[in-house]
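The file model15.cif contains mmCIF, C-alpha atoms and all ligand atoms:
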data_run
loop_
_atom_site.label_atom_id
_atom_site.label_comp_id
_atom_site.auth_asym_id
_atom_site.auth_seq_id
_atom_site.Cartn_x
_atom_site.Cartn_y
_atom_site.Cartn_z
CA MET A 17 61.75 121.43 116.02
CA SER A 18 58.10 120.77 116.68
CA ASP A 19 56.52 117.33 116.78
CA THR A 20 55.53 116.00 113.34
CA ILE A 21 53.89 112.88 111.93
CA TYR A 22 53.49 111.54 108.44
CA CYS A 23 50.27 112.52 106.65
CA GLU A 24 49.32 110.25 103.77
CA LYS A 25 47.19 112.85 102.05
CA CYS A 26 49.89 115.53 102.16
CA ASP A 27 52.55 112.86 101.61
CA ASP A 28 54.75 114.69 104.05
CA LEU A 29 55.72 115.03 107.68
CA VAL A 30 53.21 117.54 109.04
CA GLU A 31 52.41 119.39 112.24
CA TYR A 32 49.21 118.31 113.91
CA LYS A 33 46.52 119.38 116.38
CA VAL A 34 45.12 117.17 119.13
CA LYS A 35 41.36 117.22 119.59
CA SER A 36 38.85 115.28 121.68
CA LYS A 37 36.53 113.05 119.72
CA LYS A 38 33.81 110.65 120.82
CA GLU A 39 34.70 107.17 119.65
CA SER A 40 33.16 103.81 120.31
CA TYR A 41 35.02 100.53 120.35
CA ASN A 42 34.01 96.93 120.44
CA ILE A 43 35.72 94.87 123.15
CA LYS A 44 34.67 91.24 123.46
CA ASN A 45 31.28 92.02 121.86
CA GLU A 46 30.70 94.98 124.12
CA ASN A 47 30.36 98.56 123.05
CA ILE A 48 32.53 101.07 124.90
CA GLU A 49 32.45 104.78 124.25
CA ILE A 50 35.23 107.17 125.20
CA LYS A 51 36.33 110.71 124.57
CA ALA A 52 39.41 109.85 122.57
CA LYS A 53 42.36 112.15 122.00
CA VAL A 54 43.00 112.25 118.26
CA ALA A 55 45.62 113.98 116.09
CA PHE A 56 44.60 115.96 112.98
CA CYS A 57 46.85 117.25 110.22
CA LYS A 58 47.27 121.02 110.47
CA GLU A 59 47.38 121.29 106.68
CA CYS A 60 44.52 119.12 105.40
CA ARG A 61 42.74 118.25 108.69
CA THR A 62 42.88 114.52 108.03
CA GLU A 63 42.89 112.30 111.11
CA LEU A 64 46.38 110.90 111.70
CA PHE A 65 47.64 107.85 113.51
CA HIS A 66 49.52 108.92 116.65
CA GLN A 67 51.08 106.02 118.50
CA LYS A 68 51.21 107.62 121.96
CA LEU A 69 47.65 108.94 121.83
CA ASP A 70 46.46 105.60 120.52
CA LYS A 71 47.98 103.89 123.55
CA ILE A 72 46.31 106.35 125.93
CA ASN A 73 42.95 105.77 124.26
CA GLN A 74 43.34 102.01 124.42
CA ARG A 75 44.17 102.24 128.08
CA LYS A 76 40.99 104.28 128.65
CA ILE A 77 38.86 101.69 126.89
CA PHE A 78 40.37 98.78 128.77
CA ASP A 79 40.00 100.63 132.07
CA ILE A 80 36.28 101.06 131.46
CA TYR A 81 35.92 97.40 130.50
CA ARG A 82 37.90 96.32 133.59
CA LYS A 83 35.79 98.44 135.90
CA ARG A 84 32.58 97.10 134.40
CA HIS A 85 33.69 93.51 134.94
CA LYS A 86 35.62 94.06 138.18
CA LEU A 87 38.87 92.86 136.66
CA LEU A 88 42.28 93.56 138.14
CA SER A 89 44.35 96.39 136.63
CA PRO A 90 47.99 95.88 135.55
CA GLU A 91 49.07 97.84 138.64
CA GLU A 92 47.09 95.60 140.96
CA ILE A 93 48.54 92.52 139.30
CA LYS A 94 52.07 93.88 139.67
CA GLU A 95 51.36 94.59 143.33
CA ILE A 96 50.43 90.97 143.95
CA ARG A 97 53.68 89.78 142.37
CA ALA A 98 55.74 92.33 144.29
CA LYS A 99 54.20 91.20 147.56
CA TYR A 100 55.65 87.72 147.06
CA HIS A 101 59.02 88.98 145.75
CA LEU A 102 58.62 87.02 142.51
CA ASN A 103 59.71 87.87 138.99
CA GLN A 104 57.32 87.51 136.07
CA LYS A 105 58.59 84.05 135.17
CA GLU A 106 58.19 82.74 138.73
CA MET A 107 54.75 84.27 138.97
CA SER A 108 53.63 82.48 135.81
CA GLN A 109 55.11 79.23 137.18
CA LEU A 110 53.22 79.65 140.43
CA LEU A 111 49.98 80.14 138.53
CA GLY A 112 50.73 77.45 135.97
CA TRP A 113 50.35 79.88 133.08
CA GLY A 114 52.53 80.62 130.09
CA GLU A 115 55.04 83.37 130.77
CA ILE A 116 53.79 85.42 127.83
CA THR A 117 50.21 85.32 129.10
CA TYR A 118 51.25 86.68 132.46
CA HIS A 119 53.54 89.27 130.88
CA ARG A 120 50.66 90.55 128.75
CA TYR A 121 48.45 91.15 131.78
CA GLU A 122 51.07 93.30 133.44
CA ASN A 123 51.35 95.25 130.22
CA GLY A 124 47.72 96.17 129.91
CA ALA A 125 45.91 93.17 128.41
CA VAL A 126 42.50 92.48 129.95
CA PRO A 127 42.59 89.22 131.91
CA ASP A 128 39.87 86.65 131.24
CA SER A 129 37.67 85.96 134.24
CA ALA A 130 39.21 82.56 135.11
CA HIS A 131 42.67 84.07 135.26
CA ASN A 132 41.35 87.06 137.14
CA ASN A 133 39.79 84.79 139.77
CA GLN A 134 43.05 82.91 140.16
CA LEU A 135 44.90 86.17 140.73
CA LEU A 136 42.33 87.26 143.29
CA LEU A 137 42.83 84.02 145.19
CA ILE A 138 46.61 84.23 145.32
CA ARG A 139 46.36 87.81 146.54
CA ASN A 140 45.69 86.21 149.92
CA PRO A 141 48.92 84.64 151.31
CA ARG A 142 46.85 81.93 152.99
CA ASN A 143 45.83 80.64 149.57
CA VAL A 144 49.41 80.70 148.31
CA LYS A 145 50.38 78.63 151.33
CA GLU A 146 47.63 76.17 150.50
CA LEU A 147 48.74 76.09 146.88
CA LEU A 148 52.36 75.43 147.86
CA ASN A 149 51.38 72.69 150.29
CA ASN A 150 48.69 70.88 148.34
CA GLY A 151 48.60 72.23 144.81
CA LYS A 152 50.63 71.75 141.67
CA THR A 153 52.92 74.55 140.53
CA LYS A 154 55.80 74.69 138.09
CA LEU A 155 58.15 76.18 140.68
CA THR A 156 61.38 74.40 141.59
CA VAL A 157 61.91 73.03 145.11
CA ASP A 158 64.21 75.94 145.94
CA GLN A 159 61.75 78.51 144.63
CA LYS A 160 58.99 76.87 146.64
CA GLU A 161 61.03 77.06 149.84
CA GLN A 162 61.84 80.70 149.18
CA LEU A 163 58.19 81.55 148.58
CA LYS A 164 57.05 79.61 151.64
CA LYS A 165 59.34 81.73 153.78
CA ARG A 166 57.95 84.90 152.27
CA VAL A 167 54.34 83.75 152.73
CA ASN A 168 54.94 82.83 156.36
CA LYS A 169 56.45 86.23 156.93
CA LEU A 170 53.41 87.91 155.38
CA LEU A 171 51.04 85.84 157.50
CA ASP A 172 53.10 86.57 160.58
CA THR A 173 52.99 90.34 160.19
CA LYS A 174 49.28 90.09 159.60
CA ASN A 175 48.77 88.57 163.04
CA LYS A 176 51.24 90.78 164.82
CA LEU A 177 50.22 93.81 166.82
CA VAL A 178 51.75 96.95 165.37
CA LEU A 179 52.14 99.71 167.93
CA ASN A 180 53.42 103.21 167.50
CA LEU A 181 54.27 104.40 171.01
CA SER A 182 56.41 107.11 172.52
CA LYS A 183 59.64 105.76 173.99
CA ASN A 184 58.58 106.77 177.50
CA PHE A 185 55.24 105.00 177.33
CA TYR A 186 56.81 101.99 175.65
CA ASN A 187 59.30 101.64 178.51
CA LYS A 188 56.57 101.92 181.13
CA LEU A 189 54.58 99.23 179.36
CA LYS A 190 57.66 97.02 179.15
CA VAL A 191 58.29 97.34 182.90
CA SER A 192 54.66 96.49 183.69
CA ALA A 193 54.82 93.55 181.32
CA ASN A 194 57.99 92.32 183.02
CA ASN A 195 56.37 92.62 186.44
CA ASN A 196 53.57 90.42 185.18
CA ASP A 197 55.97 87.89 183.66
CA LEU A 198 54.65 88.59 180.19
CA ASN A 199 56.28 89.81 177.01
CA LEU A 200 55.02 93.06 175.54
CA ASN A 201 52.66 91.48 173.02
CA GLU A 202 51.10 89.24 175.61
CA TYR A 203 50.77 92.09 178.07
CA VAL A 204 49.04 94.42 175.60
CA THR A 205 46.72 91.61 174.58
CA PHE A 206 46.00 91.01 178.26
CA LEU A 207 45.14 94.68 178.84
CA LEU A 208 42.92 94.83 175.80
CA THR A 209 41.15 91.63 176.79
CA GLN A 210 40.61 92.94 180.31
CA GLU A 211 39.16 96.14 178.93
CA TYR A 212 36.92 94.17 176.60
CA PHE A 213 35.55 91.96 179.37
CA LYS A 214 35.05 94.94 181.65
CA LYS A 215 32.85 96.49 179.01
CA GLU A 216 31.06 93.17 178.49
CA LYS A 217 30.43 92.94 182.23
CA GLU A 218 29.06 96.48 182.36
CA ARG A 219 26.74 95.68 179.51
CA GLU A 220 25.56 92.53 181.27
CA LEU A 221 24.98 94.42 184.52
CA LYS A 222 22.95 97.04 182.71
CA LYS A 223 20.84 94.30 181.18
CA TYR A 224 20.17 92.74 184.60
CA LYS A 225 19.29 96.10 186.11
CA LEU A 226 16.81 96.67 183.33
CA GLU A 227 15.30 93.21 183.85
CA ILE A 228 14.88 93.87 187.58
CA LYS A 229 13.31 97.23 186.91
CA LYS A 230 10.86 95.67 184.50
CA GLN A 231 10.02 92.98 187.01
CA LEU A 232 9.45 95.59 189.77
CA ILE A 233 7.11 97.61 187.56
CA LYS A 234 5.24 94.45 186.68
CA ASN A 235 4.91 93.52 190.37
CA TYR A 236 3.79 97.01 191.25
CA ASN A 237 1.14 96.97 188.53
CA ASN A 238 -0.04 93.57 189.73
CA GLN A 239 -0.33 94.89 193.28
CA GLU A 240 -2.28 97.90 192.11
CA ALA A 241 -4.57 95.65 190.15
CA GLU A 242 -5.02 93.47 193.20
CA LYS A 243 -5.84 96.53 195.30
CA ASP A 244 -8.40 97.65 192.75
CA TRP A 245 -9.90 94.21 192.77
CA LEU A 246 -10.07 94.09 196.58
CA GLU A 247 -11.61 97.56 196.70
CA GLY A 248 -14.18 96.46 194.19
CA LEU A 249 -15.39 93.70 196.51
ZN ZN B 301 47.68 116.42 105.67
#

Please rewrite the model in this file as structure tokens.
Amino acid sequence: MSDTIYCEKCDDLVEYKVKSKKESYNIKNENIEIKAKVAFCKECRTELFHQKLDKINQRKIFDIYRKRHKLLSPEEIKEIRAKYHLNQKEMSQLLGWGEITYHRYENGAVPDSAHNNQLLLIRNPRNVKELLNNGKTKLTVDQKEQLKKRVNKLLDTKNKLVLNLSKNFYNKLKVSANNNDLNLNEYVTFLLTQEYFKKEKERELKKYKLEIKKQLIKNYNNQEAEKDWLEGL
């Protein structure tokens, strides 16, 4: 059985062809043009409504609009929620929005710019921490505690050094760290800092050398000038 849709003109379920067609749409008073995929009746060539294709076209239009206005995509919004281990209801409570509003954004609706800005802000765990400490949310005390833990964990990993070392090298580092009475993180930080200041010192030295050289040339030129002057007497 091949795929069929109802054609009003033929008054029957008909086979169809999919063709590309330039279409323009009006989104929030803005014109957006796309190459839409459209179904046509194989019998009478009338354009037919095809639910799946219609969805794909809508998605295309909204994507263009989102890009133009730098708005978050449904995937990006889902990512933010996943980062905090929240469900849709909790996410809407954190933001102080209606659950349906939030749900719509994850399902493809274009967020208005105020909501979009709010989402951008809570993408940063630091802002969620601030919101939990000093803001008003509709989350319960338990939910707040849970989220605080998650946020602290996210902030922690952000500050932590992530190293991918061979076991051999790792062990050597650990021994050296132990010998210096430092834990591994502290020791690596120490080494990196040392390296950084060594480079800084070298740069400084180079600068001084250059200054001295300049001064010497200046002195030499002065002497020559003096000699010329004396000879001229
Ligand atoms: Zn037809």

TODO: Could you tell me which of A:Ala55, A:Ile43, A:Val191, A:Leu198 comes closest to ligand ZN 301 (chain B) if we count all atoms listed in the file?
DONE: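 Checking each of A:Ala55, A:Ile43, A:Val191, A:Leu198 against ligand ZN 301 (chain B), counting all atoms listed in the file, the winner is A:Ala55.
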
- [ ] Find, counting all atoms listed in the file, the residue in A:Phe65, A:Tyr118, A:Tyr41, A:Phe213 that gets nearest to ligand ZN 301 (chain B).
- [x]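 Among the listed residues, the smallest separation from ligand ZN 301 (chain B) belongs to A:Phe65.
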
Open item on the list: Would you compute the distance between CA of Ile48 in chain A and CA of Asp128 in chain A? Give it in Å to one decimal.
Closed with: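 Value for the CA of Ile48 in chain A-CA of Asp128 in chain A distance: 17.4 Å.
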
- [ ] Find the residues near ligand ZN 301 (chain B). Use a cut-off of 10 Å, count all atoms listed in the file, and write them as number ranges by chain.
- [x] A: 21-32, 56-64

Restricted to C-alpha atoms, what would the selected residues look like written as a PDB file, in the frame of the given file?
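The result, stored in selection_30.pdb:
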ATOM      1  CA  ILE A  21      53.890 112.880 111.930  1.00  0.00           C
ATOM      2  CA  TYR A  22      53.490 111.540 108.440  1.00  0.00           C
ATOM      3  CA  CYS A  23      50.270 112.520 106.650  1.00  0.00           C
ATOM      4  CA  GLU A  24      49.320 110.250 103.770  1.00  0.00           C
ATOM      5  CA  LYS A  25      47.190 112.850 102.050  1.00  0.00           C
ATOM      6  CA  CYS A  26      49.890 115.530 102.160  1.00  0.00           C
ATOM      7  CA  ASP A  27      52.550 112.860 101.610  1.00  0.00           C
ATOM      8  CA  ASP A  28      54.750 114.690 104.050  1.00  0.00           C
ATOM      9  CA  LEU A  29      55.720 115.030 107.680  1.00  0.00           C
ATOM     10  CA  VAL A  30      53.210 117.540 109.040  1.00  0.00           C
ATOM     11  CA  GLU A  31      52.410 119.390 112.240  1.00  0.00           C
ATOM     12  CA  TYR A  32      49.210 118.310 113.910  1.00  0.00           C
ATOM     13  CA  PHE A  56      44.600 115.960 112.980  1.00  0.00           C
ATOM     14  CA  CYS A  57      46.850 117.250 110.220  1.00  0.00           C
ATOM     15  CA  LYS A  58      47.270 121.020 110.470  1.00  0.00           C
ATOM     16  CA  GLU A  59      47.380 121.290 106.680  1.00  0.00           C
ATOM     17  CA  CYS A  60      44.520 119.120 105.400  1.00  0.00           C
ATOM     18  CA  ARG A  61      42.740 118.250 108.690  1.00  0.00           C
ATOM     19  CA  THR A  62      42.880 114.520 108.030  1.00  0.00           C
ATOM     20  CA  GLU A  63      42.890 112.300 111.110  1.00  0.00           C
ATOM     21  CA  LEU A  64      46.380 110.900 111.700  1.00  0.00           C
TER      22      LEU A  64
END

Open item on the list: Residues within 10 Å of Lys190 in chain A, please, as a ChimeraX atom specification. Count only C-alpha atoms; anything in the same chain fewer than 5 positions from it doesn't count.
Closed with: /A:184-185,195-196,198-201,203-204

Any chance you could export the current selection's C-alpha atoms as an mmCIF file, keeping the file's coordinate frame?
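Produced file again12.cif, reproduced below:
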data_model
loop_
_atom_site.group_PDB
_atom_site.id
_atom_site.type_symbol
_atom_site.label_atom_id
_atom_site.label_comp_id
_atom_site.auth_asym_id
_atom_site.auth_seq_id
_atom_site.Cartn_x
_atom_site.Cartn_y
_atom_site.Cartn_z
ATOM 1 C CA ASN A 184 58.580 106.770 177.500
ATOM 2 C CA PHE A 185 55.240 105.000 177.330
ATOM 3 C CA ASN A 195 56.370 92.620 186.440
ATOM 4 C CA ASN A 196 53.570 90.420 185.180
ATOM 5 C CA LEU A 198 54.650 88.590 180.190
ATOM 6 C CA ASN A 199 56.280 89.810 177.010
ATOM 7 C CA LEU A 200 55.020 93.060 175.540
ATOM 8 C CA ASN A 201 52.660 91.480 173.020
ATOM 9 C CA TYR A 203 50.770 92.090 178.070
ATOM 10 C CA VAL A 204 49.040 94.420 175.600
#

Task: Nearest to His119 in chain A by atom-to-atom distance, counting all atoms listed in the file, from A:Lys76, A:Lys105, A:Arg139, A:Lys215 - done: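 Ranking A:Lys76, A:Lys105, A:Arg139, A:Lys215 by distance to His119 in chain A, first place goes to A:Lys105.
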
Open item on the list: Env of Lys152 in chain A: 12 Å cut, atoms = all atoms listed in the file, seq-sep filter 5 positions within chain, self excluded. Answer as a ChimeraX atom specification.
Closed with: /A:109-113,144-147,157,160

Mind completing range 24-36 of chain A with N, CA and C atoms? Output as a JSON list (two decimals), keeping the file's coordinate frame, please?
[["chain", "number", "residue", "atom", "x", "y", "z"],
["A", 24, "GLU", "N", 49.37, 110.94, 105.06],
["A", 24, "GLU", "CA", 49.32, 110.25, 103.77],
["A", 24, "GLU", "C", 48.81, 111.18, 102.67],
["A", 25, "LYS", "N", 47.81, 111.97, 103.04],
["A", 25, "LYS", "CA", 47.19, 112.85, 102.05],
["A", 25, "LYS", "C", 48.18, 113.91, 101.56],
["A", 26, "CYS", "N", 48.90, 114.50, 102.54],
["A", 26, "CYS", "CA", 49.89, 115.53, 102.16],
["A", 26, "CYS", "C", 51.19, 114.89, 101.67],
["A", 27, "ASP", "N", 51.32, 113.60, 101.92],
["A", 27, "ASP", "CA", 52.55, 112.86, 101.61],
["A", 27, "ASP", "C", 53.78, 113.59, 102.15],
["A", 28, "ASP", "N", 53.67, 113.93, 103.45],
["A", 28, "ASP", "CA", 54.75, 114.69, 104.05],
["A", 28, "ASP", "C", 54.66, 114.59, 105.56],
["A", 29, "LEU", "N", 55.76, 114.90, 106.22],
["A", 29, "LEU", "CA", 55.72, 115.03, 107.68],
["A", 29, "LEU", "C", 55.04, 116.36, 107.99],
["A", 30, "VAL", "N", 53.98, 116.30, 108.80],
["A", 30, "VAL", "CA", 53.21, 117.54, 109.04],
["A", 30, "VAL", "C", 53.05, 117.81, 110.52],
["A", 31, "GLU", "N", 52.78, 119.06, 110.87],
["A", 31, "GLU", "CA", 52.41, 119.39, 112.24],
["A", 31, "GLU", "C", 50.95, 119.01, 112.44],
["A", 32, "TYR", "N", 50.59, 118.78, 113.68],
["A", 32, "TYR", "CA", 49.21, 118.31, 113.91],
["A", 32, "TYR", "C", 48.60, 118.99, 115.13],
["A", 33, "LYS", "N", 47.28, 118.88, 115.23],
["A", 33, "LYS", "CA", 46.52, 119.38, 116.38],
["A", 33, "LYS", "C", 45.88, 118.19, 117.07],
["A", 34, "VAL", "N", 45.81, 118.25, 118.40],
["A", 34, "VAL", "CA", 45.12, 117.17, 119.13],
["A", 34, "VAL", "C", 43.75, 117.66, 119.55],
["A", 35, "LYS", "N", 42.73, 116.87, 119.22],
["A", 35, "LYS", "CA", 41.36, 117.22, 119.59],
["A", 35, "LYS", "C", 40.68, 116.03, 120.26],
["A", 36, "SER", "N", 39.66, 116.34, 121.09],
["A", 36, "SER", "CA", 38.85, 115.28, 121.68],
["A", 36, "SER", "C", 37.78, 114.85, 120.69]]
